[in-house]
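Report on the following structure.
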Amino acid sequence: MSRRSGILEFAVLGLLREAPMHGYELRKRLNTSLGIFRAFSYGTLYPCLKTLVASGWLIEEPGSAPEDALAASLSGRRAKIVYRLTAEGKEHFEELLSHTGPDSWEDEHFAARFAFFGQTEREVRMRVLEGRRSRLEERLEKMRASLARTRERLDDYTLELQRHGMESVEREVRWLNELIESERAGRDQRRPSSDSSPQHDNTPGSADGLPRLGSSESTGGTPSGPDTPPNPSNDTVN
């Protein structure tokens with residue numbers, strides 16, 4: 001499985017954990033809620049859905065038709081397929097949520113992970129945020145070293161482009177610092193004064209006081225791609 005396919009499967013499972021959806025609705029949610037998937041076509045989404053069904057993590061159900069069966073047959077319309085998360089799929093998604101390895105710190109995977117922070121335990125959120133910050137600090141040091149070596153050989157426009165890239169990374173590091181401090185403050189507020197041992201709130205969705213996520217300062221996701229029109233034939237059952 002490629003890294004991009006793994007990110008897409010993670011996002012699909014996360015969205016279907018909220019509610020069952022048909023393919024067109026899933027594609028729309030991936031575009032609007034998770035902008036990093038704007039470049040994904042239906043030719044990518046439906047094979048992913050088939051793989052998740054074959055793995056036992058999703059099931060396909062015929063959607064409810066607005067008209068009766070006779071009217072549907074006369075009009076030639078067919079009921080849409082609705083994808084529903086199975087118990088095994090929910091368990092698998094929760095395992096993915098608990099993962100905090102280096103993959104979760106990379107640009108696209110971090111964006112997908114952050115989109116589902118409301119379903120992620122506080123301690124896991126902290127490890128992902130701190131890992132992402134460390135990764136960006138390493139990247140920033142390399143960019144500064146590279147700029148120092150090549151500054152004299154660069155024209156003004158290339159130099160400005162490199163400075164712009166550094167400023168973008170610095171801005172995200174500041175944003176991550178704010179998120180991490182907010183997570184720590186929320187954790188500290190939940191420590192009972194009569195108990196010296198810390199008690200962490202591991203309830204998903206308990207990130208109180210987080211700064212508002214700005215589109216220009218979020219995760220450095222991938223640029224938008226063309227939006228492939230839906231293919232109704234891929235989203236129906238006979």
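In the structure tokens, chains take the letters A, B, ... in the order shown, each chain's residues start at 1, and ligands count up from 1 in the order shown.
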
Spatial neighbours of region 90-92 of chain A, max dist 8 Å, only C-alpha atoms, sep filter under 4 positions, as a list of chain:residue names: A:Leu13, A:Arg17, A:Trp57, A:Leu85, A:Thr86, A:Leu96

Give the strand (DSSP E or B) residues of region 57-176 of chain A, as DSSP finds them on the backbone, and put them as a short mmCIF file (atom, residue, chain, number, x, y, z; two decimals) with C-alpha atoms, in the first residue's frame.
```
data_model
loop_
_atom_site.label_atom_id
_atom_site.label_comp_id
_atom_site.auth_asym_id
_atom_site.auth_seq_id
_atom_site.Cartn_x
_atom_site.Cartn_y
_atom_site.Cartn_z
CA LEU A 58 -16.90 -1.52 5.36
CA ILE A 59 -20.12 -3.01 4.08
CA GLU A 60 -22.17 -1.92 1.08
CA GLU A 61 -25.88 -1.31 1.51
CA PRO A 62 -28.47 -0.13 -1.02
CA LYS A 80 -27.11 4.49 -4.57
CA ILE A 81 -24.70 2.30 -2.64
CA VAL A 82 -24.23 3.41 0.95
CA TYR A 83 -20.98 2.52 2.71
CA ARG A 84 -21.20 1.71 6.41
CA LEU A 85 -18.36 1.14 8.89
#
```

Nearest to Arg132 (chain A) by atom-to-atom distance, counting only C-alpha atoms, from A:Leu34, A:Ala87, A:Leu176, A:Met166: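 Distance minimum relative to Arg132 (chain A) lands on A:Leu176.
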
Selected residue of minimal separation from Arg122 (chain A) among A:Leu136, A:Ile180, A:Leu154, A:Val169, counting only C-alpha atoms: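 That would be A:Ile180, the residue with the smallest distance to Arg122 (chain A).
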
Selection near Leu147 (chain A), 10 Å with only C-alpha atoms, sequence-local residues under 5 positions removed, as a PyMOL selection string: chain A and resi 141-142+152-154+159+162-163+166

For a test of reading the model, state the distance in Å between CA of Asn31 (chain A) and CA of Ala54 (chain A), rounded to one decimal. 24.6 Å

Ser98 (chain A) environment, 12 Å, only C-alpha atoms, sequence neighbours closer than 6 positions dropped, as a PDB file with C-alpha atoms, in the first residue's frame:
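Ended up saving to around.pdb:
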```
ATOM      1  CA  GLU A  91     -11.634  -1.002  15.756  1.00  0.00           C
ATOM      2  CA  HIS A  92      -9.113  -0.681  12.930  1.00  0.00           C
ATOM      3  CA  SER A 104       1.940  10.856  11.309  1.00  0.00           C
ATOM      4  CA  ARG A 113      -4.551  13.187  11.460  1.00  0.00           C
ATOM      5  CA  PHE A 116      -9.666  13.823  13.243  1.00  0.00           C
ATOM      6  CA  PHE A 117      -8.124  15.199  16.432  1.00  0.00           C
ATOM      7  CA  GLN A 119     -11.756  11.693  17.922  1.00  0.00           C
ATOM      8  CA  THR A 120      -8.191  11.294  19.231  1.00  0.00           C
ATOM      9  CA  GLU A 121      -7.048  10.923  22.833  1.00  0.00           C
ATOM     10  CA  ARG A 122      -5.250  13.886  24.372  1.00  0.00           C
ATOM     11  CA  GLU A 123      -1.936  12.109  24.952  1.00  0.00           C
ATOM     12  CA  VAL A 124      -1.874  10.901  21.356  1.00  0.00           C
ATOM     13  CA  ARG A 125      -2.604  14.418  20.124  1.00  0.00           C
ATOM     14  CA  MET A 126       0.319  15.713  22.170  1.00  0.00           C
ATOM     15  CA  ARG A 127       2.750  13.153  20.742  1.00  0.00           C
ATOM     16  CA  VAL A 128       1.668  13.875  17.171  1.00  0.00           C
ATOM     17  CA  ASN A 202      -7.947  10.929  27.440  1.00  0.00           C
ATOM     18  CA  PRO A 204     -11.501  12.131  22.436  1.00  0.00           C
TER      19      PRO A 204
END
```

So what do you get for CA of Gly56 (chain A) versus CA of Glu9 (chain A), distance-wise?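 These atoms are spaced 13.0 Å apart.
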
Might you pull out every residue within 12 Å of Val173 (chain A), with only C-alpha atoms counted and same-chain residues fewer than 3 positions away left off, and present them as a VMD selection string? chain A and resid 129 to 140 166 to 170 176 to 180 217 to 220

Write a file of the just-selected residues containing C-alpha atoms, as a tab-separated table (two decimals), in the first residue's frame.
```
chain	number	residue	atom	x	y	z
A	129	LEU	CA	1.95	17.65	17.66
A	130	GLU	CA	5.35	17.42	19.31
A	131	GLY	CA	6.60	15.03	16.64
A	132	ARG	CA	5.39	17.36	13.90
A	133	ARG	CA	7.11	20.31	15.58
A	134	SER	CA	10.40	18.42	15.84
A	135	ARG	CA	10.19	17.43	12.18
A	136	LEU	CA	9.63	21.03	11.11
A	137	GLU	CA	12.42	22.35	13.34
A	138	GLU	CA	14.80	19.89	11.66
A	139	ARG	CA	13.55	21.03	8.25
A	140	LEU	CA	14.01	24.65	9.22
A	166	MET	CA	11.33	29.42	5.56
A	167	GLU	CA	8.73	31.88	6.79
A	168	SER	CA	5.98	29.34	6.10
A	169	VAL	CA	7.76	26.71	8.18
A	170	GLU	CA	8.46	29.21	10.98
A	176	LEU	CA	2.19	24.20	16.75
A	177	ASN	CA	3.68	25.83	19.85
A	178	GLU	CA	0.32	27.46	20.53
A	179	LEU	CA	-1.53	24.16	20.09
A	180	ILE	CA	0.86	22.29	22.36
A	217	GLU	CA	-1.18	28.50	8.81
A	218	SER	CA	-2.45	24.97	9.11
A	219	THR	CA	-0.45	22.13	7.72
A	220	GLY	CA	1.16	23.03	4.49
```

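Here the question is which of A:Gly165, A:Lys50, A:Ser182, A:Ile7 gets nearest to Asp107 (chain A) using only C-alpha atoms, and that residue is A:Ile7.
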
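In terms of minimum interatomic distance to Ala11 (chain A), A:Phe93 ranks closest within A:Phe93, A:Tyr157, A:Trp105, A:Trp175, counting only C-alpha atoms.
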
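Nearest to Ala112 (chain A) of all the residues A:Thr150, A:Thr100, A:Thr158, A:Ser33 is A:Ser33, counting only C-alpha atoms.
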
Between CA of Ser5 (chain A) and CA of Leu30 (chain A), measure the distance and give it in Å to one decimal.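 We find that CA of Ser5 (chain A) and CA of Leu30 (chain A) lie 13.5 Å from each other.
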